[in-house]
Amino acid sequence: MNERKGFSVAGIPFVGLCALVAVAGVALLAARGPYALLGILLEVLEIFLVKGFFQVAPNTGQVMQLFGKYAGTVRDEGLRWTNPVYARRRVSLRVRNFESGRLKVNDSDGNPIEIAAVVVWQVVDTAEAVFCVDDYENFVHIQSESALRQMAQSYPYDAHADGQPSLRSHGEEINTHLRDEIQARLGKAGVEVTEARISHLAYAQEIAQAMLQRQQAGAIVAARERIVEGAVGMVGMALEALRKQGVVELDEERKAAMVSNLLVVLCGERGTQPVLNTGTLYT
């Protein structure tokens with residue numbers, strides 16, 4: 001079932017028509033005699049016609065049914081008139097959003113995490129929204145949380161290799177995947193998902209402390225690698241500068257000692273205390 005345009009006309013001209021019918025009916029009733037019955041019929045007709053008036057606000061639609069059969073949707077703004085027999089239901093076409101609850105799921109590594117998302121959506125097909133699902137708003141909420149669970153189980157919380165997508169490091173890719181997952185579920189309800197973004201992401205409470213220690217250990221290892229890399233480069237530069245400038249000639253044993261001392265100074269966490277050698281270079 002797809003949306004189609006329903007029958008309606010501008011309501012202002014019909015206001016004048018109803019007014020004329022009402023005036024004519026009152027005049028005939030006042031005349032009494034055989035015209036009174038005609039006046040009553042005109043008044044009944046006027047009441048029937050008035051029931052056909054309805055308003056369409058901006059970014060809303062009126063879904064109309066004739067004895068249970070879909071008769072079309074009116075999106076034209078303002079005062080409208082249609083068949084008074086039609087049953088009408090208002091459907092908002094405005095952009096809406098909601099934030100899911102914090103779901104507890106397992107990522108692709110099996111680690112329990114807490115995750116929530118904000119979903120921005122709007123109805124684009126009123127017929128599908130009203131007739132293809134029982135309650136389209138509730139359908140949006142439930143299917144969005146289902147898609148969020150499915151997406152979270154497809155990625156690890158943290159990447160274990162360079163370039164590997166993860167929930168914490170690849171935000172745009174994850175959000176795009178989440179939006180596509182939700183759209184695939186809501187397409188049958190006449191709903192378009194404009195945006196979907198993760199609003200909360202954390203390890204579950206029972207493993208949060210252990211994972212924090214693991215992240216801190218990884219950060220320390222990465223920092224140490226940078227420090228050692230820089231220290232080795234500085235030692236090499238120092239030895240090369242001493243050789244070029246001819247400040248001192250060092251054999252292999254003295255070079256090794258100098259390298260050891262420089263690495264201790266550069267890589268140590270605490271400040272070093274110098275030791276003065278009052279003898280020769282070798283004693």
# chains A, B, ... in the order shown; residues from 1 in each chain; ligands from 1
call {"tool": "residues_around", "arguments": {"residues": "A:Ala116", "least_positions_apart": "3", "cutoff": "8 Å", "atoms": "only C-alpha atoms", "output": "compact mmCIF listing (two decimals) with N, CA and C atoms, in the first residue's frame"}}
result
# COMPACT_ATOMS: atom_id res chain seq x y z
N GLU A 99 15.77 9.23 21.96
CA GLU A 99 16.98 8.57 22.43
C GLU A 99 16.60 7.24 23.04
N SER A 100 17.24 6.19 22.57
CA SER A 100 16.95 4.87 23.09
C SER A 100 17.45 4.75 24.52
N GLY A 101 16.95 3.76 25.21
CA GLY A 101 17.48 3.47 26.53
C GLY A 101 18.88 2.88 26.43
N ARG A 102 19.59 2.85 27.54
CA ARG A 102 20.93 2.27 27.56
C ARG A 102 20.81 0.74 27.54
N LEU A 103 21.23 0.17 26.41
CA LEU A 103 21.14 -1.28 26.23
C LEU A 103 22.44 -1.95 26.66
N LEU A 148 20.11 -1.38 16.84
CA LEU A 148 21.27 -0.97 17.65
C LEU A 148 21.97 -2.18 18.26
N ILE A 198 25.38 7.29 17.91
CA ILE A 198 25.57 6.74 19.25
C ILE A 198 25.69 7.89 20.24
N SER A 199 24.90 7.85 21.29
CA SER A 199 24.92 8.90 22.31
C SER A 199 25.59 8.46 23.60
N HIS A 200 25.73 7.16 23.80
CA HIS A 200 26.39 6.65 25.01
C HIS A 200 27.09 5.35 24.65
N LEU A 201 28.33 5.23 25.11
CA LEU A 201 29.11 4.03 24.86
C LEU A 201 30.09 3.83 26.00
call {"tool": "select_by_dssp", "arguments": {"residues": "stretch 13-168 of chain A", "states": "alpha helix (DSSP H)", "output": "VMD selection string"}}
result
chain A and resid 13 to 31 35 to 50 126 to 131 136 to 152
call {"tool": "residues_around", "arguments": {"residues": "A:Val119", "least_positions_apart": "6", "cutoff": "10 Å", "atoms": "only C-alpha atoms", "output": "list in words"}}
result
Arg96, Asn97, Phe98, Glu99, Ser100, Val140, His141, Ser144, Glu145, Leu178, Arg179, Ile182, Val193, Thr194, Glu195, Ala196, Arg197, Ile198 and Ser199 of chain A
call {"tool": "write_last_selection", "arguments": {"atoms": "C-alpha atoms", "output": "mmCIF file, in the first residue's frame"}}
result
data_model
loop_
_atom_site.group_PDB
_atom_site.id
_atom_site.type_symbol
_atom_site.label_atom_id
_atom_site.label_comp_id
_atom_site.auth_asym_id
_atom_site.auth_seq_id
_atom_site.Cartn_x
_atom_site.Cartn_y
_atom_site.Cartn_z
ATOM 1 C CA ARG A 96 11.117 13.743 15.159
ATOM 2 C CA ASN A 97 13.831 12.208 17.298
ATOM 3 C CA PHE A 98 14.176 10.017 20.339
ATOM 4 C CA GLU A 99 16.982 8.570 22.428
ATOM 5 C CA SER A 100 16.948 4.866 23.093
ATOM 6 C CA VAL A 140 10.084 2.865 15.295
ATOM 7 C CA HIS A 141 11.277 2.647 18.909
ATOM 8 C CA SER A 144 15.600 1.018 16.348
ATOM 9 C CA GLU A 145 16.724 -0.680 19.557
ATOM 10 C CA LEU A 178 23.411 2.021 12.368
ATOM 11 C CA ARG A 179 21.285 4.309 10.194
ATOM 12 C CA ILE A 182 17.356 1.009 11.212
ATOM 13 C CA VAL A 193 15.652 7.699 9.047
ATOM 14 C CA THR A 194 17.480 10.999 8.631
ATOM 15 C CA GLU A 195 20.257 10.368 11.140
ATOM 16 C CA ALA A 196 21.307 7.870 13.784
ATOM 17 C CA ARG A 197 24.186 8.477 16.191
ATOM 18 C CA ILE A 198 25.565 6.738 19.246
ATOM 19 C CA SER A 199 24.918 8.901 22.307
#
call {"tool": "atom_distance", "arguments": {"atom1": "atom CA of A:Glu173", "atom2": "atom CA of A:Glu206"}}
result
27.9 Å
call {"tool": "select_by_dssp", "arguments": {"residues": "stretch 10-119 of chain A", "states": "strand (DSSP E or B)", "output": "NGL selection string"}}
result
:A and (10 or 53-56 or 60-66 or 69-74 or 78-81 or 87-92 or 96-99 or 103-106 or 112-119)
call {"tool": "residues_around", "arguments": {"residues": "A:Ile40", "least_positions_apart": "2", "cutoff": "12 Å", "atoms": "only C-alpha atoms", "output": "compact mmCIF listing (two decimals) with N, CA and C atoms, in the first residue's frame"}}
result
# COMPACT_ATOMS: atom_id res chain seq x y z
N VAL A 21 -26.98 27.92 2.26
CA VAL A 21 -27.93 26.84 2.54
C VAL A 21 -28.63 27.07 3.87
N ALA A 22 -27.85 27.52 4.88
CA ALA A 22 -28.44 27.77 6.19
C ALA A 22 -29.45 28.91 6.13
N VAL A 23 -29.11 29.98 5.43
CA VAL A 23 -30.03 31.13 5.31
C VAL A 23 -31.29 30.72 4.56
N ALA A 24 -31.12 29.94 3.49
CA ALA A 24 -32.29 29.50 2.72
C ALA A 24 -33.18 28.60 3.57
N GLY A 25 -32.56 27.75 4.35
CA GLY A 25 -33.36 26.87 5.21
C GLY A 25 -34.15 27.65 6.24
N VAL A 26 -33.50 28.63 6.85
CA VAL A 26 -34.20 29.46 7.85
C VAL A 26 -35.35 30.23 7.19
N ALA A 27 -35.10 30.74 5.99
CA ALA A 27 -36.15 31.48 5.30
C ALA A 27 -37.35 30.60 4.98
N LEU A 28 -37.09 29.37 4.56
CA LEU A 28 -38.19 28.46 4.24
C LEU A 28 -38.93 28.04 5.50
N LEU A 29 -38.22 27.87 6.58
CA LEU A 29 -38.88 27.53 7.83
C LEU A 29 -39.77 28.68 8.30
N ALA A 30 -39.29 29.87 8.08
CA ALA A 30 -40.08 31.04 8.48
C ALA A 30 -41.34 31.16 7.64
N ALA A 31 -41.26 30.71 6.39
CA ALA A 31 -42.43 30.78 5.51
C ALA A 31 -43.52 29.80 5.90
N ARG A 32 -43.14 28.73 6.61
CA ARG A 32 -44.08 27.70 7.07
C ARG A 32 -44.83 27.08 5.88
N GLY A 33 -45.87 26.40 6.20
CA GLY A 33 -46.63 25.74 5.15
C GLY A 33 -45.83 24.63 4.49
N PRO A 34 -46.02 24.39 3.20
CA PRO A 34 -45.33 23.30 2.51
C PRO A 34 -43.83 23.53 2.38
N TYR A 35 -43.40 24.79 2.55
CA TYR A 35 -41.97 25.07 2.41
C TYR A 35 -41.17 24.70 3.67
N ALA A 36 -41.86 24.48 4.75
CA ALA A 36 -41.17 24.18 6.00
C ALA A 36 -40.39 22.87 5.90
N LEU A 37 -41.02 21.86 5.25
CA LEU A 37 -40.33 20.58 5.10
C LEU A 37 -39.05 20.73 4.29
N LEU A 38 -39.11 21.55 3.24
CA LEU A 38 -37.92 21.81 2.43
C LEU A 38 -36.86 22.55 3.26
N LEU A 42 -33.04 21.37 4.04
CA LEU A 42 -31.85 22.20 3.81
C LEU A 42 -31.00 22.33 5.06
N GLU A 43 -31.63 22.44 6.21
CA GLU A 43 -30.87 22.54 7.46
C GLU A 43 -30.11 21.24 7.74
N VAL A 44 -30.77 20.09 7.47
CA VAL A 44 -30.09 18.80 7.63
C VAL A 44 -28.91 18.70 6.66
N LEU A 45 -29.12 19.17 5.41
CA LEU A 45 -28.04 19.17 4.42
C LEU A 45 -26.88 20.06 4.89
N GLU A 46 -27.22 21.22 5.47
CA GLU A 46 -26.18 22.13 5.94
C GLU A 46 -25.34 21.49 7.05
N ILE A 47 -26.00 20.80 7.97
CA ILE A 47 -25.28 20.10 9.06
C ILE A 47 -24.38 19.02 8.47
call {"tool": "closest_residue", "arguments": {"among": "A:Ala231, A:Ile12, A:Ala127, A:Val105", "to": "A:Gln62", "atoms": "only C-alpha atoms"}}
result
A:Ala127
call {"tool": "residues_around", "arguments": {"residues": "A:Ile113", "least_positions_apart": "2", "cutoff": "7 Å", "atoms": "only C-alpha atoms", "output": "count of residues only"}}
result
9
call {"tool": "atom_distance", "arguments": {"atom1": "atom CA of A:Asn175", "atom2": "atom CA of A:Val118"}}
result
10.1 Å
